[in-house]
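Here is the file target_26.cif (mmCIF, C-alpha atoms).
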```cif
data_upload
loop_
_atom_site.label_atom_id
_atom_site.label_comp_id
_atom_site.auth_asym_id
_atom_site.auth_seq_id
_atom_site.Cartn_x
_atom_site.Cartn_y
_atom_site.Cartn_z
CA MET A 116 -6.73 -38.50 -60.05
CA LYS A 117 -9.50 -39.38 -62.45
CA ILE A 118 -8.28 -41.82 -65.14
CA CYS A 119 -9.33 -41.21 -68.75
CA LYS A 120 -10.07 -44.49 -70.54
CA HIS A 121 -8.59 -45.29 -73.91
CA VAL A 122 -7.03 -41.85 -74.26
CA ALA A 123 -3.40 -40.80 -74.45
CA VAL A 124 -1.36 -38.20 -76.23
CA ILE A 125 1.10 -39.45 -78.83
CA LEU A 126 4.82 -38.86 -78.69
CA VAL A 127 6.47 -39.72 -81.96
CA LEU A 128 9.69 -41.63 -81.40
CA LEU A 129 11.59 -42.04 -84.64
CA PHE A 130 14.43 -43.68 -82.79
CA PHE A 131 15.69 -45.58 -85.78
CA ILE A 132 16.37 -42.35 -87.70
CA ALA A 133 17.79 -39.93 -85.16
CA GLU A 134 20.73 -40.81 -82.98
CA PRO A 135 20.41 -38.78 -79.78
CA SER A 136 22.78 -39.31 -76.88
CA PHE A 137 21.38 -40.50 -73.55
CA PRO A 138 23.01 -41.37 -70.20
CA ALA A 139 22.29 -45.03 -70.93
CA PRO A 140 20.18 -46.73 -73.57
CA GLY A 141 16.52 -46.14 -72.74
CA ASP A 142 17.19 -44.14 -69.56
CA LEU A 143 15.50 -40.78 -69.00
CA ASP A 144 18.11 -38.09 -68.41
CA LEU A 145 16.87 -36.54 -65.16
CA THR A 146 19.62 -33.91 -65.24
CA PHE A 147 17.95 -32.16 -68.17
CA ASN A 148 14.83 -30.02 -67.96
CA SER A 149 13.24 -27.36 -70.18
CA PRO A 150 9.88 -25.83 -71.03
CA GLY A 151 8.96 -25.47 -74.68
CA SER A 152 7.27 -26.79 -77.78
CA ALA A 153 10.12 -27.14 -80.29
CA VAL A 154 13.72 -28.26 -79.97
CA VAL A 155 16.82 -28.54 -82.16
CA VAL A 156 20.41 -29.50 -81.38
CA GLN A 157 23.15 -27.26 -82.76
CA PRO A 158 25.41 -28.89 -85.38
CA ASP A 159 28.29 -29.01 -82.90
CA GLY A 160 26.14 -31.17 -80.61
CA LEU A 161 27.09 -29.04 -77.61
CA LYS A 162 24.08 -26.74 -77.36
CA ILE A 163 20.32 -27.33 -77.40
CA ILE A 164 17.85 -24.72 -78.65
CA VAL A 165 14.30 -24.82 -77.24
CA ALA A 166 11.48 -22.54 -78.37
CA GLY A 167 8.34 -22.05 -76.34
CA TRP A 168 6.17 -19.45 -74.63
CA GLY A 169 6.16 -17.41 -71.45
CA GLU A 170 4.19 -18.02 -68.29
CA THR A 171 1.91 -15.11 -69.21
CA GLU A 172 1.36 -16.61 -72.70
CA GLY A 173 2.13 -13.16 -74.15
CA ALA A 174 5.75 -13.82 -75.04
CA LEU A 175 7.63 -16.14 -77.36
CA LEU A 176 10.72 -17.50 -75.66
CA LEU A 177 13.91 -18.99 -77.06
CA PHE A 178 16.20 -20.88 -74.68
CA ARG A 179 19.69 -22.25 -75.21
CA TYR A 180 20.92 -25.03 -72.96
CA ASN A 181 24.22 -26.71 -72.39
CA ILE A 182 24.27 -30.48 -72.81
CA ASP A 183 23.66 -30.96 -69.07
CA GLY A 184 20.40 -28.99 -69.27
CA THR A 185 21.68 -25.79 -67.66
CA LEU A 186 20.94 -22.49 -69.38
CA ASP A 187 23.75 -21.10 -71.53
CA ASP A 188 24.16 -17.61 -70.08
CA THR A 189 26.09 -16.44 -73.17
CA PHE A 190 22.81 -16.60 -75.13
CA GLY A 191 20.22 -13.80 -75.03
CA THR A 192 19.74 -12.62 -71.46
CA GLY A 193 20.83 -15.31 -69.04
CA GLY A 194 20.19 -18.01 -71.63
CA VAL A 195 16.77 -16.74 -72.78
CA ALA A 196 15.70 -14.55 -75.71
CA THR A 197 12.19 -13.07 -75.33
CA TYR A 198 9.98 -11.67 -78.09
CA TYR A 199 6.85 -9.62 -77.50
CA SER A 200 4.78 -8.96 -80.61
CA GLN A 201 4.82 -5.29 -81.59
CA SER A 202 3.96 -5.67 -85.26
CA VAL A 203 0.22 -6.25 -84.89
CA SER A 204 -2.26 -3.80 -83.45
CA GLY A 205 -2.58 -4.15 -79.68
CA SER A 206 -1.01 -6.78 -77.46
CA ALA A 207 -1.11 -10.46 -78.35
CA ASP A 208 -3.48 -12.65 -76.38
CA PHE A 209 -1.24 -15.64 -77.02
CA ILE A 210 2.06 -15.99 -78.84
CA GLY A 211 4.26 -19.03 -79.03
CA ALA A 212 6.56 -21.18 -81.13
CA ASN A 213 5.82 -24.35 -83.06
CA ALA A 214 9.16 -25.10 -84.74
CA VAL A 215 12.78 -23.98 -84.88
CA ALA A 216 15.63 -24.48 -87.37
CA ILE A 217 19.29 -23.45 -87.54
CA GLN A 218 20.86 -21.96 -90.65
CA ARG A 219 24.34 -23.00 -91.77
CA ASP A 220 25.70 -19.66 -90.53
CA GLY A 221 24.34 -20.43 -87.05
CA LYS A 222 21.39 -18.05 -87.16
CA ILE A 223 18.20 -19.42 -85.64
CA VAL A 224 14.78 -19.30 -87.33
CA VAL A 225 11.66 -19.71 -85.18
CA VAL A 226 8.08 -20.00 -86.44
CA GLY A 227 4.81 -19.93 -84.55
CA GLY A 228 1.55 -18.13 -84.15
CA ILE A 229 -0.03 -15.00 -82.69
CA TYR A 230 -3.64 -15.15 -81.56
CA LYS A 231 -5.68 -11.98 -81.22
CA ALA A 232 -9.14 -11.38 -79.79
CA GLY A 233 -11.80 -11.78 -82.44
CA SER A 234 -10.15 -14.97 -83.75
CA ILE A 235 -7.53 -13.13 -85.78
CA LEU A 236 -4.50 -15.36 -86.15
CA TYR A 237 -1.09 -14.47 -87.50
CA CYS A 238 1.88 -16.54 -88.55
CA ILE A 239 5.19 -15.32 -87.23
CA VAL A 240 8.73 -15.99 -88.47
CA LEU A 241 11.62 -14.72 -86.35
CA ARG A 242 15.36 -14.89 -86.88
CA TYR A 243 18.00 -14.59 -84.19
CA THR A 244 21.76 -14.36 -84.33
CA ARG A 245 23.73 -17.25 -82.87
CA ASP A 246 24.02 -15.18 -79.67
CA GLY A 247 20.27 -14.89 -79.20
CA VAL A 248 19.82 -11.33 -80.48
CA LEU A 249 16.89 -10.62 -82.81
CA ASP A 250 18.35 -10.22 -86.32
CA LYS A 251 17.11 -6.80 -87.45
CA THR A 252 18.31 -7.49 -91.03
CA PHE A 253 15.48 -10.04 -91.38
CA GLY A 254 11.95 -8.96 -92.29
CA ALA A 255 10.72 -5.99 -90.28
CA ASP A 256 13.02 -5.65 -87.26
CA GLY A 257 13.68 -9.39 -87.18
CA ALA A 258 10.14 -10.62 -87.84
CA VAL A 259 7.90 -11.63 -90.73
CA ILE A 260 4.20 -11.65 -89.79
CA PHE A 261 1.24 -12.51 -91.99
CA GLU A 262 -2.40 -13.40 -91.40
CA ASP A 263 -3.54 -17.02 -91.33
CA ASN A 264 -6.79 -18.82 -90.55
CA GLY A 265 -5.28 -22.04 -89.23
CA GLU A 266 -2.92 -22.59 -86.30
CA GLY A 267 -0.12 -20.24 -87.26
CA ALA A 268 3.15 -21.43 -88.78
CA VAL A 269 3.63 -25.08 -87.76
CA ASP A 270 7.03 -25.98 -89.25
CA VAL A 271 10.10 -24.55 -90.96
CA ALA A 272 12.96 -25.78 -93.13
CA ILE A 273 16.06 -24.10 -94.56
CA GLN A 274 16.90 -24.90 -98.19
CA SER A 275 20.49 -25.27 -99.41
CA ASP A 276 20.36 -21.77 -100.95
CA HIS A 277 19.45 -20.34 -97.50
CA LYS A 278 15.83 -19.72 -98.46
CA ILE A 279 13.30 -20.38 -95.72
CA LEU A 280 10.22 -22.58 -96.14
CA VAL A 281 7.35 -21.87 -93.76
CA VAL A 282 4.50 -24.38 -93.44
CA THR A 283 1.01 -23.57 -92.16
CA TYR A 284 -2.00 -25.85 -92.09
CA GLY A 285 -3.05 -24.48 -95.47
CA SER A 286 0.11 -23.51 -97.34
CA ILE A 287 3.85 -23.37 -97.85
CA SER A 288 5.53 -20.03 -98.36
CA ARG A 289 9.16 -19.19 -99.10
CA TYR A 290 11.32 -16.27 -98.01
CA ASP A 291 14.80 -15.21 -98.99
CA SER A 292 17.58 -14.68 -96.47
CA ALA A 293 16.38 -11.12 -95.86
CA GLY A 294 12.85 -12.25 -95.01
CA VAL A 295 11.34 -11.08 -98.31
CA LEU A 296 8.63 -13.27 -99.86
CA ASP A 297 10.13 -15.18 -102.80
CA ILE A 298 7.54 -14.75 -105.57
CA SER A 299 9.38 -17.29 -107.78
CA PHE A 300 8.10 -20.02 -105.48
CA GLY A 301 4.70 -21.53 -106.22
CA THR A 302 2.26 -18.77 -107.09
CA GLY A 303 3.41 -15.43 -105.79
CA GLY A 304 5.50 -17.05 -103.08
CA PHE A 305 2.86 -19.50 -101.83
CA VAL A 306 1.79 -23.08 -102.52
CA ILE A 307 -1.80 -23.53 -101.35
CA PHE A 308 -2.86 -27.06 -100.39
CA LYS A 309 -6.01 -28.37 -102.00
CA VAL A 310 -9.25 -28.12 -100.02
CA GLY A 311 -9.31 -30.80 -97.30
CA ASP A 312 -5.53 -31.21 -97.10
CA SER A 313 -3.39 -29.67 -94.36
CA GLY A 314 0.31 -29.59 -93.60
CA ARG A 315 2.06 -30.22 -90.29
CA LYS A 316 5.68 -31.20 -90.98
CA VAL A 317 8.23 -30.50 -93.69
CA ALA A 318 11.48 -32.24 -94.68
CA LEU A 319 13.93 -31.72 -97.53
CA GLN A 320 15.31 -34.49 -99.70
CA SER A 321 18.96 -34.50 -100.73
CA ASP A 322 17.89 -33.53 -104.26
CA GLY A 323 16.09 -30.44 -102.91
CA LYS A 324 12.55 -31.75 -103.24
CA ILE A 325 10.12 -30.71 -100.51
CA VAL A 326 8.12 -33.31 -98.59
CA ILE A 327 5.09 -32.36 -96.47
CA ALA A 328 3.26 -34.64 -94.03
CA GLY A 329 -0.21 -33.80 -92.75
CA SER A 330 -3.79 -34.87 -93.18
CA GLY A 331 -6.12 -35.25 -96.15
CA GLY A 332 -9.84 -35.51 -96.64
CA SER A 333 -10.43 -32.95 -93.86
CA GLY A 334 -8.54 -35.14 -91.40
CA ALA A 335 -9.76 -38.53 -92.61
CA TYR A 336 -6.32 -39.88 -93.55
CA ILE A 337 -2.59 -39.21 -93.54
CA VAL A 338 -1.30 -37.43 -96.61
CA VAL A 339 2.29 -36.99 -97.82
CA LEU A 340 2.89 -34.37 -100.49
CA ARG A 341 6.03 -33.81 -102.53
CA TYR A 342 7.02 -30.73 -104.48
CA SER A 343 9.98 -29.70 -106.57
CA SER A 344 12.28 -27.10 -105.05
CA ASN A 345 10.29 -24.34 -106.78
CA GLY A 346 6.94 -25.46 -105.41
CA THR A 347 5.43 -27.41 -108.29
CA PRO A 348 3.84 -30.79 -107.43
CA ASP A 349 6.05 -33.80 -108.16
CA VAL A 350 3.75 -35.87 -110.41
CA ASN A 351 6.11 -38.86 -110.09
CA PHE A 352 5.22 -39.19 -106.41
CA GLY A 353 2.07 -41.01 -105.33
CA THR A 354 -0.92 -39.79 -107.33
CA GLU A 355 -0.13 -36.43 -108.88
CA GLY A 356 2.22 -35.57 -106.03
CA ALA A 357 0.22 -36.97 -103.12
CA ALA A 358 0.45 -40.29 -101.25
CA THR A 359 -2.30 -41.15 -98.79
CA HIS A 360 -2.86 -43.71 -96.06
CA SER A 361 -6.09 -44.28 -94.17
CA THR A 362 -5.68 -45.01 -90.45
CA GLY A 363 -9.21 -46.35 -90.05
CA SER A 364 -10.26 -43.24 -88.15
CA PRO A 365 -9.23 -39.58 -88.45
CA GLY A 366 -5.61 -38.78 -87.74
CA PRO A 367 -2.83 -36.75 -89.41
CA GLY A 368 0.88 -37.31 -89.87
CA PHE A 369 2.64 -35.89 -86.81
CA ALA A 370 6.31 -36.27 -87.68
CA LEU A 371 8.40 -36.76 -90.79
CA SER A 372 11.93 -37.82 -91.62
CA ILE A 373 13.80 -38.92 -94.73
CA GLN A 374 16.27 -41.80 -94.60
CA PRO A 375 19.63 -41.60 -96.42
CA ASP A 376 18.28 -44.04 -99.03
CA GLY A 377 15.41 -41.66 -99.83
CA LYS A 378 12.68 -43.62 -98.07
CA ILE A 379 10.21 -41.49 -96.15
CA ILE A 380 9.15 -42.14 -92.55
CA VAL A 381 5.87 -40.67 -91.29
CA SER A 382 4.29 -41.17 -87.89
CA GLY A 383 0.70 -40.52 -86.89
CA GLY A 384 -2.20 -42.08 -85.09
CA THR A 385 -5.87 -42.90 -85.02
CA MET A 386 -7.53 -39.90 -83.46
CA HIS A 387 -10.51 -40.07 -81.11
CA GLN A 388 -10.70 -36.46 -80.03
CA GLU A 389 -8.93 -33.24 -80.90
CA LEU A 390 -8.73 -30.23 -78.61
CA ILE A 391 -7.87 -27.14 -80.64
CA THR A 392 -6.14 -24.14 -79.15
CA ILE A 393 -3.34 -22.18 -80.72
CA TYR A 394 -1.41 -25.33 -79.91
CA TRP A 395 -3.26 -28.48 -80.84
CA THR A 396 -3.40 -31.65 -78.81
CA LEU A 397 -4.41 -34.95 -80.33
CA LEU A 398 -5.87 -37.59 -78.08
CA ILE A 399 -5.38 -40.99 -79.63
CA GLU A 400 -5.57 -44.68 -78.92
CA ASP A 401 -3.28 -46.19 -81.56
CA ALA A 402 -0.05 -44.78 -82.97
CA LEU A 403 1.55 -45.80 -86.23
CA ILE A 404 4.71 -45.39 -88.25
CA LEU A 405 4.65 -45.90 -91.98
CA ARG A 406 7.47 -45.98 -94.52
CA LEU A 407 7.18 -44.93 -98.13
CA ASN A 408 9.45 -45.70 -101.04
CA ALA A 409 10.82 -42.79 -103.03
CA ASP A 410 7.84 -42.98 -105.40
CA GLY A 411 5.30 -42.64 -102.56
CA ALA A 412 4.24 -46.29 -102.44
CA LEU A 413 4.22 -48.08 -99.08
CA ASP A 414 7.43 -50.01 -98.43
CA THR A 415 6.04 -53.51 -97.84
CA THR A 416 9.34 -54.66 -96.28
CA PHE A 417 8.62 -52.42 -93.30
CA GLY A 418 6.24 -53.48 -90.51
CA GLU A 419 3.08 -55.05 -91.89
CA ASN A 420 2.84 -54.03 -95.55
CA GLY A 421 4.62 -50.76 -94.82
CA VAL A 422 2.93 -49.85 -91.54
CA TYR A 423 3.89 -50.49 -87.93
CA THR A 424 1.02 -49.93 -85.46
CA PHE A 425 1.07 -50.00 -81.69
CA SER A 426 -1.33 -49.13 -78.91
CA VAL A 427 -0.52 -46.28 -76.56
CA PRO A 428 -1.10 -47.18 -72.87
CA GLU A 429 -3.88 -45.07 -71.42
CA ASP A 430 -1.60 -43.67 -68.72
CA ALA A 431 1.51 -43.25 -70.87
CA LEU A 432 1.22 -39.48 -71.10
CA LEU A 433 -0.69 -37.94 -68.24
CA PRO A 434 0.00 -35.48 -65.43
CA ASP A 435 0.98 -36.78 -62.01
CA LEU A 436 0.55 -34.35 -59.12
CA THR A 437 2.24 -34.91 -55.80
CA GLY A 438 3.77 -32.70 -53.16
CA GLN A 439 5.84 -32.21 -50.05
CA TRP A 440 5.72 -29.86 -47.14
CA ALA A 441 8.47 -27.24 -47.22
CA SER A 442 7.54 -26.01 -43.74
CA LEU A 443 4.74 -26.00 -41.19
CA THR A 444 4.73 -24.34 -37.79
CA GLN A 445 2.28 -23.68 -35.00
CA THR A 446 2.52 -20.40 -33.12
CA CYS A 447 0.52 -19.93 -29.93
CA ARG A 448 0.13 -16.86 -27.72
CA ASN A 449 -2.00 -15.87 -24.77
CA THR A 450 -4.51 -13.12 -25.41
CA LYS A 451 -7.10 -11.42 -23.21
CA ARG A 452 -9.67 -13.80 -24.69
CA GLY A 453 -7.55 -16.90 -24.17
CA LEU A 454 -4.97 -19.07 -25.95
CA LYS A 455 -4.77 -18.33 -29.69
CA CYS A 456 -2.86 -20.68 -32.02
CA ARG A 457 -2.11 -20.22 -35.70
CA LEU A 458 -0.81 -22.76 -38.24
CA SER A 459 1.41 -21.54 -41.08
CA GLY A 460 3.17 -23.52 -43.78
CA ARG A 461 4.29 -23.88 -47.38
CA LEU A 462 3.41 -26.81 -49.62
CA ASN A 463 5.36 -27.57 -52.80
CA ILE A 464 3.13 -29.17 -55.45
CA GLN A 465 4.98 -30.94 -58.27
CA ASN A 466 3.90 -32.36 -61.60
CA VAL A 467 6.07 -35.46 -62.01
CA GLY A 468 4.01 -36.75 -64.94
CA THR A 469 4.49 -36.33 -68.67
CA LEU A 470 1.71 -33.86 -69.50
CA ASN A 471 0.88 -30.40 -68.17
CA ALA A 472 -1.70 -30.42 -65.37
CA PRO A 473 -4.65 -28.01 -65.50
CA SER A 474 -5.60 -26.00 -62.45
CA SER A 475 -7.29 -27.83 -59.58
CA PHE A 476 -7.72 -27.35 -55.84
CA VAL A 477 -5.69 -28.43 -52.84
CA ARG A 478 -7.55 -28.71 -49.54
CA PHE A 479 -6.05 -28.80 -46.05
CA TYR A 480 -7.52 -30.95 -43.27
CA LEU A 481 -6.71 -31.35 -39.59
CA SER A 482 -6.48 -35.01 -38.55
CA THR A 483 -5.88 -36.81 -35.27
CA ASP A 484 -4.23 -39.84 -36.89
CA GLY A 485 -2.83 -38.60 -40.26
CA VAL A 486 -5.25 -40.73 -42.27
CA TYR A 487 -7.54 -39.07 -44.83
CA ASN A 488 -10.98 -40.69 -45.07
CA GLY A 489 -12.80 -38.04 -47.07
CA ASP A 490 -14.82 -36.79 -44.09
CA GLY A 491 -14.87 -33.44 -42.39
CA ASP A 492 -14.63 -29.85 -43.54
CA PRO A 493 -11.34 -28.50 -44.83
CA MET A 494 -9.55 -25.72 -43.00
CA LYS A 495 -8.63 -24.05 -46.27
CA GLN A 496 -8.84 -24.48 -50.05
CA VAL A 497 -6.33 -23.06 -52.56
CA ALA A 498 -6.25 -23.17 -56.38
CA THR A 499 -3.07 -24.74 -57.77
CA GLY A 500 -3.00 -23.06 -61.16
CA THR A 501 -1.65 -24.86 -64.20
CA ILE A 502 1.51 -26.84 -63.41
CA LYS A 503 3.74 -27.74 -66.34
CA VAL A 504 5.62 -31.00 -66.72
CA GLY A 505 8.59 -31.15 -64.37
CA LYS A 506 7.60 -27.92 -62.62
CA SER A 507 6.33 -27.13 -59.15
CA LYS A 508 4.37 -24.40 -57.42
CA THR A 509 4.51 -23.40 -53.78
CA LYS A 510 1.22 -22.73 -52.00
CA THR A 511 1.03 -21.02 -48.63
CA PHE A 512 -1.21 -22.33 -45.89
CA SER A 513 -2.40 -20.48 -42.82
CA TYR A 514 -5.22 -21.16 -40.38
CA THR A 515 -6.18 -19.77 -36.99
CA LEU A 516 -7.55 -22.38 -34.60
CA PRO A 517 -10.54 -21.70 -32.33
CA LEU A 518 -9.64 -20.11 -28.99
CA GLU A 519 -8.11 -22.43 -26.40
CA GLU A 520 -7.41 -25.10 -29.04
CA THR A 521 -4.03 -26.31 -30.26
CA ALA A 522 -3.01 -28.72 -32.99
CA SER A 523 -0.15 -30.23 -30.99
CA GLY A 524 0.08 -33.97 -31.60
CA GLU A 525 -2.22 -33.76 -34.62
CA TYR A 526 -1.57 -33.87 -38.38
CA ILE A 527 -2.21 -31.64 -41.39
CA ILE A 528 -3.25 -33.46 -44.56
CA ALA A 529 -3.01 -31.67 -47.91
CA VAL A 530 -5.24 -33.28 -50.54
CA ILE A 531 -4.07 -32.31 -54.03
CA ASP A 532 -6.67 -32.33 -56.84
CA ALA A 533 -9.30 -32.63 -54.15
CA ASP A 534 -12.20 -32.69 -56.64
CA ASN A 535 -10.65 -35.44 -58.81
CA THR A 536 -10.76 -33.23 -61.91
CA VAL A 537 -7.27 -33.99 -63.26
CA ALA A 538 -6.64 -37.19 -65.19
CA GLU A 539 -3.42 -38.58 -63.67
CA SER A 540 -1.15 -41.54 -64.23
CA ASN A 541 -0.94 -42.11 -60.47
CA GLU A 542 -3.79 -41.23 -58.12
CA SER A 543 -2.23 -42.64 -54.96
CA ASN A 544 0.24 -39.83 -54.24
CA ASN A 545 -2.11 -36.85 -53.86
CA TYR A 546 -2.13 -36.95 -50.05
CA VAL A 547 0.67 -35.11 -48.28
CA VAL A 548 0.80 -35.49 -44.49
CA PHE A 549 2.68 -33.37 -41.96
CA GLY A 550 2.88 -34.33 -38.34
CA PRO A 551 2.53 -34.89 -35.58
CA ILE A 552 2.68 -31.15 -34.96
CA PRO A 553 4.92 -30.21 -32.01
#
```

What is this file in structure tokens?
Amino acid sequence: MKICKHVAVILVLLFFIAEPSFPAPGDLDLTFNSPGSAVVVQPDGLKIIVAGWGETEGALLLFRYNIDGTLDDTFGTGGVATYYSQSVSGSADFIGANAVAIQRDGKIVVVGGIYKAGSILYCIVLRYTRDGVLDKTFGADGAVIFEDNGEGAVDVAIQSDHKILVVTYGSISRYDSAGVLDISFGTGGFVIFKVGDSGRKVALQSDGKIVIAGSGGSGAYIVVLRYSSNGTPDVNFGTEGAATHSTGSPGPGFALSIQPDGKIIVSGGTMHQELITIYWTLLIEDALILRLNADGALDTTFGENGVYTFSVPEDALLPDLTGQWASLTQTCRNTKRGLKCRLSGRLNIQNVGTLNAPSSFVRFYLSTDGVYNGDGDPMKQVATGTIKVGKSKTKTFSYTLPLEETASGEYIIAVIDADNTVAESNESNNYVVFGPIP
């Protein structure tokens, strides 16, 4: 309900590169729904792979959907493959995916991070068969896990020789098809970024060269790095293998794609605040897309001298909590002490916005006219819990009225986000009225 000024979260829309299919140009496909943090479409275009995390945040989940958004029950168990970390001491406090890629043989590679108490962070690389079964021929029982001091593995790419590139904030590493570190790559299997640079996205050129987009100068500007297929810097790109672009304020490259003509597209934004968890969120005011020529120089035929900038509306990506009563009844009975009435009901609370909503409170009020004016004491208060985009939670309501009182002819008002703690795109739909009560 509270509106954050000059803050939104960027979604990178490289619509002129990818060619996704939608119900109609520009229409949101309301028949499709999935939780997750990474997505890829199978080469046949008929299945969609989504990687994410479980409700308990202790499991990495891999979903496969049909093109209508329904789970493909031939994949994993009922359309879902679940991984619980067993390769690090103790249970994981948080495990989840950041990126997913499909090999030419149909096997699925997922990368992400494992967070442990004491700030120990691991990168994780998993491989599944095309049917959603963990591939035990890869790494140790289907997993490669190594320590990292950043945000876990943030992206992955499959080279033409089936070798797997794994990007973290601080490095690139390469593994063969069996999950063994390829020591012929870089130095001992790793390319370490210089101090102040970090990687976020990786793409492969048609000639096998490796392109990384991220941030440089400890977040002060966008950096694009290019390496040969064996991990040596490409000195013919930018300045000694690095091309940089200052956004005017801190902000990394979020997304990366290479056009058929070899030009490189990078999107990012000017960052005003960054909230770091195992999954980062950037809060920005301006987004940008820049295009580089094959040598790393800005393509001045694109946008304004190679850069297209646009402002993100402050409410473009925010939660939006609303609700509806699933049921509400009044039950009265005569007791030795007098008439005793009890109200019972279920309220469905939905997040119809475009960003997950943190936990807040819903309060229930009895009203004679169904109009909420902010006065009076609530009958009950219930915590909503976190509600993800497109999801809902059902909260039960019960209240016993004072003796000899009934609520017949009156109304129950549920006030969602009663303390105005959630920044929402629409603050006018938080009041849900039931009544008059029979």

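Using all atoms listed in the file, the residues found no farther than 12 Å from Asp312 in chain A, other than those of its own chain fewer than 2 positions away, are Thr283, Tyr284, Gly285, Ser286, Ile307, Phe308, Lys309, Val310, Gly314, Arg315, Ile327, Ala328, Gly329, Ser330, Gly331, Gly332, Ser333, Gly334, Ala335, Tyr336, Ile337, Val338, Val339, Leu340, Ala357, Ala358, Thr359, Pro367 and Gly368 of chain A.
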
*Write out as an MDAnalysis selection string the residues lying within 10 Å of Thr499 in chain A, counting all atoms listed in the file and excluding same-chain residues fewer than 2 positions away.*
chainID A and resid 464 472:477 496:497 501:502 507:510 531:532

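Using only C-alpha atoms, the protein and nucleic acid residues lying no more than 8 Å from Gln320 in chain A, apart from those fewer than 4 places from it along its own chain, are Lys324, Ile325, Val326, Ile373 and Gly377 of chain A.
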
*Contacts of Gly267 in chain A within 9 Å, only C-alpha atoms, excl. fewer than 4 positions in-chain, as an MDAnalysis selection string*: chainID A and resid 213 226:230 236:239 262:263 282:284 393

Expected file: the selected residues, C-alpha atoms, as a PDB file, in the frame of the given file:
```
ATOM      1  CA  ASN A 213       5.820 -24.350 -83.060  1.00  0.00           C
ATOM      2  CA  VAL A 226       8.080 -20.000 -86.440  1.00  0.00           C
ATOM      3  CA  GLY A 227       4.810 -19.930 -84.550  1.00  0.00           C
ATOM      4  CA  GLY A 228       1.550 -18.130 -84.150  1.00  0.00           C
ATOM      5  CA  ILE A 229      -0.030 -15.000 -82.690  1.00  0.00           C
ATOM      6  CA  TYR A 230      -3.640 -15.150 -81.560  1.00  0.00           C
ATOM      7  CA  LEU A 236      -4.500 -15.360 -86.150  1.00  0.00           C
ATOM      8  CA  TYR A 237      -1.090 -14.470 -87.500  1.00  0.00           C
ATOM      9  CA  CYS A 238       1.880 -16.540 -88.550  1.00  0.00           C
ATOM     10  CA  ILE A 239       5.190 -15.320 -87.230  1.00  0.00           C
ATOM     11  CA  GLU A 262      -2.400 -13.400 -91.400  1.00  0.00           C
ATOM     12  CA  ASP A 263      -3.540 -17.020 -91.330  1.00  0.00           C
ATOM     13  CA  VAL A 282       4.500 -24.380 -93.440  1.00  0.00           C
ATOM     14  CA  THR A 283       1.010 -23.570 -92.160  1.00  0.00           C
ATOM     15  CA  TYR A 284      -2.000 -25.850 -92.090  1.00  0.00           C
ATOM     16  CA  ILE A 393      -3.340 -22.180 -80.720  1.00  0.00           C
TER      17      ILE A 393
END
```

I'd like the box whose edges run along x, y and z of the file and which contains every listed atom of range 525-533 of chain A, padded by 6 Å per side; could you state its centre and edge lengths in Å, one decimal, as lines of an AutoDock Vina configuration file?
```
center_x = -5.4
center_y = -32.8
center_z = -45.7
size_x = 19.7
size_y = 14.2
size_z = 34.2
```

Leaving out Asn181 in chain A and any residue of its chain fewer than 6 positions from it, which residues lie within 10 Å of it when counting all atoms listed in the file, given as a compact mmCIF listing (two decimals) with C-alpha atoms, keeping the file's coordinate frame?
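Written output follows (result18.txt):
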```txt
# COMPACT_ATOMS: atom_id res chain seq x y z
CA PHE A 147 17.95 -32.16 -68.17
CA GLY A 160 26.14 -31.17 -80.61
CA LEU A 161 27.09 -29.04 -77.61
CA LYS A 162 24.08 -26.74 -77.36
CA ILE A 163 20.32 -27.33 -77.40
CA ILE A 164 17.85 -24.72 -78.65
CA ASP A 187 23.75 -21.10 -71.53
CA ASP A 188 24.16 -17.61 -70.08
CA GLY A 194 20.19 -18.01 -71.63
```

*For the file shown, report as an MDAnalysis selection string the outcome of the PyMOL selection byres ((chain A and resi 214) around 12) at residue level.*
chainID A and resid 151:155 164:168 175:177 211:213 215:217 223:228 238:241 267:272 280:283 315:317 370 394

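Taking CA of Gly221 in chain A and CA of Arg245 in chain A as the two end points, the separation is 5.3 Å.
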
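The closest residue to Glu542 in chain A, picked from A:Arg219, A:Leu433, A:Leu407, A:Ser200 and counting all atoms listed in the file, is A:Leu433.
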
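Reported to one decimal place, the separation of CA of Ser321 in chain A from CA of Lys222 in chain A is 21.5 Å.
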